Amino acid sequence: MKTEFPRTLSLLRQERGVSQRTAAGDLGISQALLSHYENGIREPGLAFVVRACEYYHVSADFLLGRTLSREGGALTDDDILNMADQGNILRGSVLATLQSKLISGAVSVLFDLLGKLNDKAAVNEAAQMLNGAIYILFRRLHRAAGGNEAMFSAPAELVAMGLPAAEMKLAEARYVRTLEALREREAVFPELTGESLSKNYPGSGQCITQVLHSADAKAAGLVKE
């Protein structure tokens with residue numbers, strides 16, 4: 001069973017605010033067995049999955065990590081944004097897990113599609129752009145937490161001036177140039193419609209669709225402003 005199941009099962013219990021002993025009793029199993037399920041030591045049968053879905057009010061697809069929607073359908077852009085509201089129960093580690101699934105699923109699809117082009121430059125430049133984003137986010141977090149700057153070789157002043165972001169733009173330019181060269185050589189590009197993504201990437205195809213929709217909505221909003 002996918003590794004998402006144990007983690008989701010545990011997070012749903014924490015979100016509900018009940019102890020492992022209480023949840024196990026409500027689900028009709030021992031605490032030890034529930035602990036094994038939540039830690040991925042043992043796999044449950046179908047009967048337990050059904051009871052857990054009813055207990056936590058989620059779909060089996062959500063519990064098994066096949067979709068990001070609790071009801072089993074696609075999440076809207078508003079659904080994702082509203083999860084950050086302080087009054088929403090889906091927050092903290094649960095929200096972080098959801099966003100992690102969303103981003104990692106989208107990245108997985110992206111690199112699989114790039115791999116079909118059989119071009120190292122396209123893959124490397126895309127990786128450079130993503131590496132830069134992760135570097136910026138982590139270093140900002142590291143500095144806010146009072147971390148030792150000696151961990152990094154690039155001076156903090158250059159980072160504050162936007163050096164990593166500038167390198168990301170250069171990587172983007174090289175990425176675009178590489179794709180244009182492939183186009184000129186009449187390389188065969190994979191089909192990129194919403195239908196093909198859903199068909200070829202069950203579950204993760206939804207991730208990249210939602211990431212694209214969210215970013216596109218923000219960009220459109222900026223244009224209107």
# chains A, B, ... in the order shown; residues from 1 in each chain; ligands from 1

call {"tool": "select_by_dssp", "arguments": {"residues": "stretch 3-194 of chain A", "states": "alpha helix (DSSP H)", "output": "PyMOL selection string"}}
result
chain A and resi 4-16+20-27+31-38+46-56+60-63+77-82+92-115+120-144+156-160+163-184+194

call {"tool": "residues_around", "arguments": {"residues": "A:Cys207", "least_positions_apart": "6", "cutoff": "6 Å", "atoms": "only C-alpha atoms", "output": "JSON, numbers by chain"}}
result
{"A": [102, 105, 106]}

call {"tool": "residues_around", "arguments": {"residues": "A:Leu117", "least_positions_apart": "3", "cutoff": "12 Å", "atoms": "only C-alpha atoms", "output": "list in words"}}
result
Leu110, Phe111, Asp112, Leu113, Leu114, Lys120, Ala121, Ala122, Val123, Thr178, Leu179, Ala181, Leu182, Arg183, Arg185, Glu186, Ala187, Val188, Phe189, Pro190 and Glu191 of chain A

call {"tool": "closest_residue", "arguments": {"among": "A:Thr8, A:Ser214, A:Asn39, A:Thr209", "to": "A:Leu98", "atoms": "only C-alpha atoms"}}
result
A:Thr8

call {"tool": "atom_distance", "arguments": {"atom1": "atom CA of A:Glu172", "atom2": "atom CA of A:Gln128"}}
result
8.6 Å

call {"tool": "closest_residue", "arguments": {"among": "A:Tyr55, A:Phe152, A:Leu11, A:Phe5", "to": "A:Ala23", "atoms": "only C-alpha atoms"}}
result
A:Tyr55

call {"tool": "closest_residue", "arguments": {"among": "A:Met168, A:Ala52, A:Leu34, A:Val58", "to": "A:Glu125", "atoms": "only C-alpha atoms"}}
result
A:Met168

call {"tool": "atom_distance", "arguments": {"atom1": "atom CA of A:Ser204", "atom2": "atom CA of A:Ser108"}}
result
7.7 Å

call {"tool": "atom_distance", "arguments": {"atom1": "atom CA of A:Ser35", "atom2": "atom CA of A:Ser100"}}
result
23.5 Å

call {"tool": "closest_residue", "arguments": {"among": "A:Arg21, A:Lys101, A:Arg42, A:Arg16", "to": "A:Gln206", "atoms": "only C-alpha atoms"}}
result
A:Lys101
